[in-house]
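First comes the structure, then the notes that go with it.
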2 protein chains.
Amino acid sequence: MNQAPTDRTRVRRVASNAHYDSATLHAIIDDAYLCHIAFSDGKGAHCIPTACWREGDHLYIHGSNGSRMVKHLIESECCVTITHLDGLVLARSAFNHSMNYRSAMVYGTFEVVEGDAARHAMEAFMKKVAPGRQAEIRPGSDKEYAATTVLRISLAEAACKMRTGGPNDDEEDMNWPVWAGVLPWARTPLAPQQDPACSLPAPAYVLDWAAK
Amino acid sequence: MNQAPTDRTRVRRVASNAHYDSATLHAIIDDAYLCHIAFSDGKGAHCIPTACWREGDHLYIHGSNGSRMVKHLIESECCVTITHLDGLVLARSAFNHSMNYRSAMVYGTFEVVEGDAARHAMEAFMKKVAPGRQAEIRPGSDKEYAATTVLRISLAEAACKMRTGGPNDDEEDMNWPVWAGVLPWARTPLAPQQDPACSLPAPAYVLDWAAK
């Protein structure tokens, strides 16, 4: 599917970089631990970063019951955006410099996930963060779950935009005597930092982190 | 200065993680190539990722004259957010899991930067991306500059929130038999990818990138 689901998700600028298929959308979300959410209230537009994860065709977040964000997201439409920046694109002309990235935007309204479904969703989040850890930790108490709101938003109204590859220079600039190419980067795991109060051996997912 | 400049920038949740000083704000912006901007129009709230840089007490962005974002940002208030995710914090209880991050939020209205000031701002952006490159590339033409809008927003109304360090577990969970600590990561430069059509030697800033 390479057609925008709605008018406001149709990418206008460099439309050739747009993607509307689930596989692209899921991959961008699954590679993220964080999204930014735009919503408005009487004090203006807000852009809040928060942890996110995916199950099926929904993006999940969680928050403290009392948070401003949770209160507003239940009531009103929002836009959720995830962006991975993959590199700086150095072209021969100033104008054609660019960046390589993968971004996803989701429009809609969050709904509250209740009861067992909320617990299941939080466990799915833990599985994303550290597979196998849920069975090892002190699980959430009823009081802790009661203080936490889990929300999800449908991925039905979404659009992705990506740029990959080298510079796209104008033909007449191709002989300009300057280095051209991409300066890429990656999010790289660093050595795990064990809590000084913990003397237990590292589990597989911690060893895997160090080895990535 | 550790007092919020306005009511809407006052951090309520874990207020001890809030910072309102310029040094913290500048460091978070200067470490970023990308911000997310929230604004609203008749189609709802939007959260748009875009390149950013800083000069003095302003955050700068640029865009194509015709873009929806540029049109709306000139007319209305917005919220600009930058977030660096530094690590996953693995606590002994599910509830106390967290993330280490550095985030900045700026509220206000963008203003258009015109003429020589716009050219200077774009050169400052190039300097951030690749110091020394401005003198090597084919500079922007009058037509290219005319097609680009440079915008800036004052950093006067801003707030930062950061979390660092290991897990904060409840006293009664400290003996739970599970590994605890932080899984950190970093944005790591990868080897530069030279354009196949370019056979020139790499300049210092490209060699520096590879050596980072």
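Quick note on naming: the chains in the structure tokens go A, B, ... in the order shown, residues restart at 1 in each chain, and ligands are numbered from 1 in order of appearance.
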Interface, chain B side, toward chain A (7 Å; only C-alpha atoms) as a PyMOL selection string: chain B and resi 8+37-40+43-47+49+77-81+83+92-95+136-140+144+166+176+178-195+198+200-202
Contacts of Ala204 (chain B) at 9 Å (only C-alpha atoms; same-chain gap of 3+ positions) as a list in words: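 After dropping sequence-adjacent residues, the list is Pro131, Gly132, Leu207, Asp208 and Trp209 of chain B.
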Let's have the selection written as a PDB file, in the first residue's frame, with C-alpha atoms.
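For reference, selection-v9.pdb as written:
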```pdb
ATOM      1  CA  PRO B 131      33.268  22.893  10.117  1.00  0.00           C
ATOM      2  CA  GLY B 132      35.193  24.445   7.235  1.00  0.00           C
ATOM      3  CA  LEU B 207      38.585  12.276   8.702  1.00  0.00           C
ATOM      4  CA  ASP B 208      37.599  13.555  12.150  1.00  0.00           C
ATOM      5  CA  TRP B 209      34.174  11.947  11.799  1.00  0.00           C
TER       6      TRP B 209
END
```
Polymer residues at most 10 Å from Ala4 (chain A), only C-alpha atoms, same-chain spacing of 2 or more positions, as a list in words: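 Near neighbours after the sequence-gap exclusion: Met1, Asn2, Thr6, Asp7, Arg8, Thr9, Arg10, Val11, Ala18, His19, Tyr20, Asp21, Glu157, Ala158, Ala159 and Cys160 of chain A.
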Near-Leu155 (chain A) list (7 Å; only C-alpha atoms; drop same-chain fewer than 4 positions) as an NGL selection string: :A and (57-59 or 106)
Using only N, CA and C atoms, please write the residues we just selected to a file, as a CSV table (one decimal), in the first residue's frame.
```csv
chain,number,residue,atom,x,y,z
A,57,ASP,N,-1.3,-3.6,15.6
A,57,ASP,CA,-1.5,-2.3,14.9
A,57,ASP,C,-1.8,-1.1,15.9
A,58,HIS,N,-1.2,-1.2,17.0
A,58,HIS,CA,-1.3,-0.1,18.0
A,58,HIS,C,0.0,0.3,18.5
A,59,LEU,N,0.2,1.6,18.8
A,59,LEU,CA,1.4,2.1,19.5
A,59,LEU,C,0.9,2.4,20.9
A,106,VAL,N,1.8,9.4,13.3
A,106,VAL,CA,0.5,8.8,13.6
A,106,VAL,C,-0.5,9.8,14.1
```
Those in region 39-153 of chain A with alpha helix (DSSP H) from DSSP, as a ChimeraX atom specification: /A:68-75,115-129,142-147
Export of prior selection with C-alpha atoms as a PDB file, in the first residue's frame:
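This is the output file out-v4.pdb:
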```pdb
ATOM      1  CA  ARG A  68      -1.205  16.542  32.131  1.00  0.00           C
ATOM      2  CA  MET A  69      -0.336  14.536  29.051  1.00  0.00           C
ATOM      3  CA  VAL A  70      -2.407  11.514  30.060  1.00  0.00           C
ATOM      4  CA  LYS A  71      -5.406  13.684  30.877  1.00  0.00           C
ATOM      5  CA  HIS A  72      -5.337  15.498  27.561  1.00  0.00           C
ATOM      6  CA  LEU A  73      -4.558  12.550  25.341  1.00  0.00           C
ATOM      7  CA  ILE A  74      -7.674  10.743  26.465  1.00  0.00           C
ATOM      8  CA  GLU A  75      -9.822  13.692  25.470  1.00  0.00           C
ATOM      9  CA  GLY A 115      -7.199  -4.282  33.598  1.00  0.00           C
ATOM     10  CA  ASP A 116      -5.412  -7.387  32.364  1.00  0.00           C
ATOM     11  CA  ALA A 117      -4.839  -5.819  28.974  1.00  0.00           C
ATOM     12  CA  ALA A 118      -2.885  -3.012  30.658  1.00  0.00           C
ATOM     13  CA  ARG A 119      -0.729  -5.519  32.552  1.00  0.00           C
ATOM     14  CA  HIS A 120      -0.134  -7.480  29.388  1.00  0.00           C
ATOM     15  CA  ALA A 121       0.865  -4.284  27.577  1.00  0.00           C
ATOM     16  CA  MET A 122       3.354  -3.298  30.285  1.00  0.00           C
ATOM     17  CA  GLU A 123       4.870  -6.771  30.102  1.00  0.00           C
ATOM     18  CA  ALA A 124       5.221  -6.393  26.354  1.00  0.00           C
ATOM     19  CA  PHE A 125       7.110  -3.153  26.984  1.00  0.00           C
ATOM     20  CA  MET A 126       9.465  -4.927  29.399  1.00  0.00           C
ATOM     21  CA  LYS A 127       9.984  -7.634  26.777  1.00  0.00           C
ATOM     22  CA  LYS A 128      11.084  -4.987  24.298  1.00  0.00           C
ATOM     23  CA  VAL A 129      13.450  -3.355  26.791  1.00  0.00           C
ATOM     24  CA  ASP A 142      -2.029  -3.553  42.391  1.00  0.00           C
ATOM     25  CA  LYS A 143      -1.287  -0.101  43.788  1.00  0.00           C
ATOM     26  CA  GLU A 144       1.437   0.535  41.206  1.00  0.00           C
ATOM     27  CA  TYR A 145      -0.766  -0.602  38.346  1.00  0.00           C
ATOM     28  CA  ALA A 146      -3.593   1.552  39.680  1.00  0.00           C
ATOM     29  CA  ALA A 147      -1.314   4.612  39.580  1.00  0.00           C
TER      30      ALA A 147
END
```
Computed interatomic separation between CA of Asp170 (chain B) and CA of Arg152 (chain A) (Å): 28.5 Å
DSSP strand (DSSP E) residues within region 15-108 of chain A, as a PyMOL selection string: chain A and resi 18-19+34-41+44-51+53-55+58-64+78-90+98-108
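Here CA of Ile61 (chain A) is placed at a distance of 24.5 Å from CA of Asp41 (chain B).
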Between CA of Trp53 (chain A) and CA of Leu151 (chain A) - distance in Å to one decimal: 10.8 Å
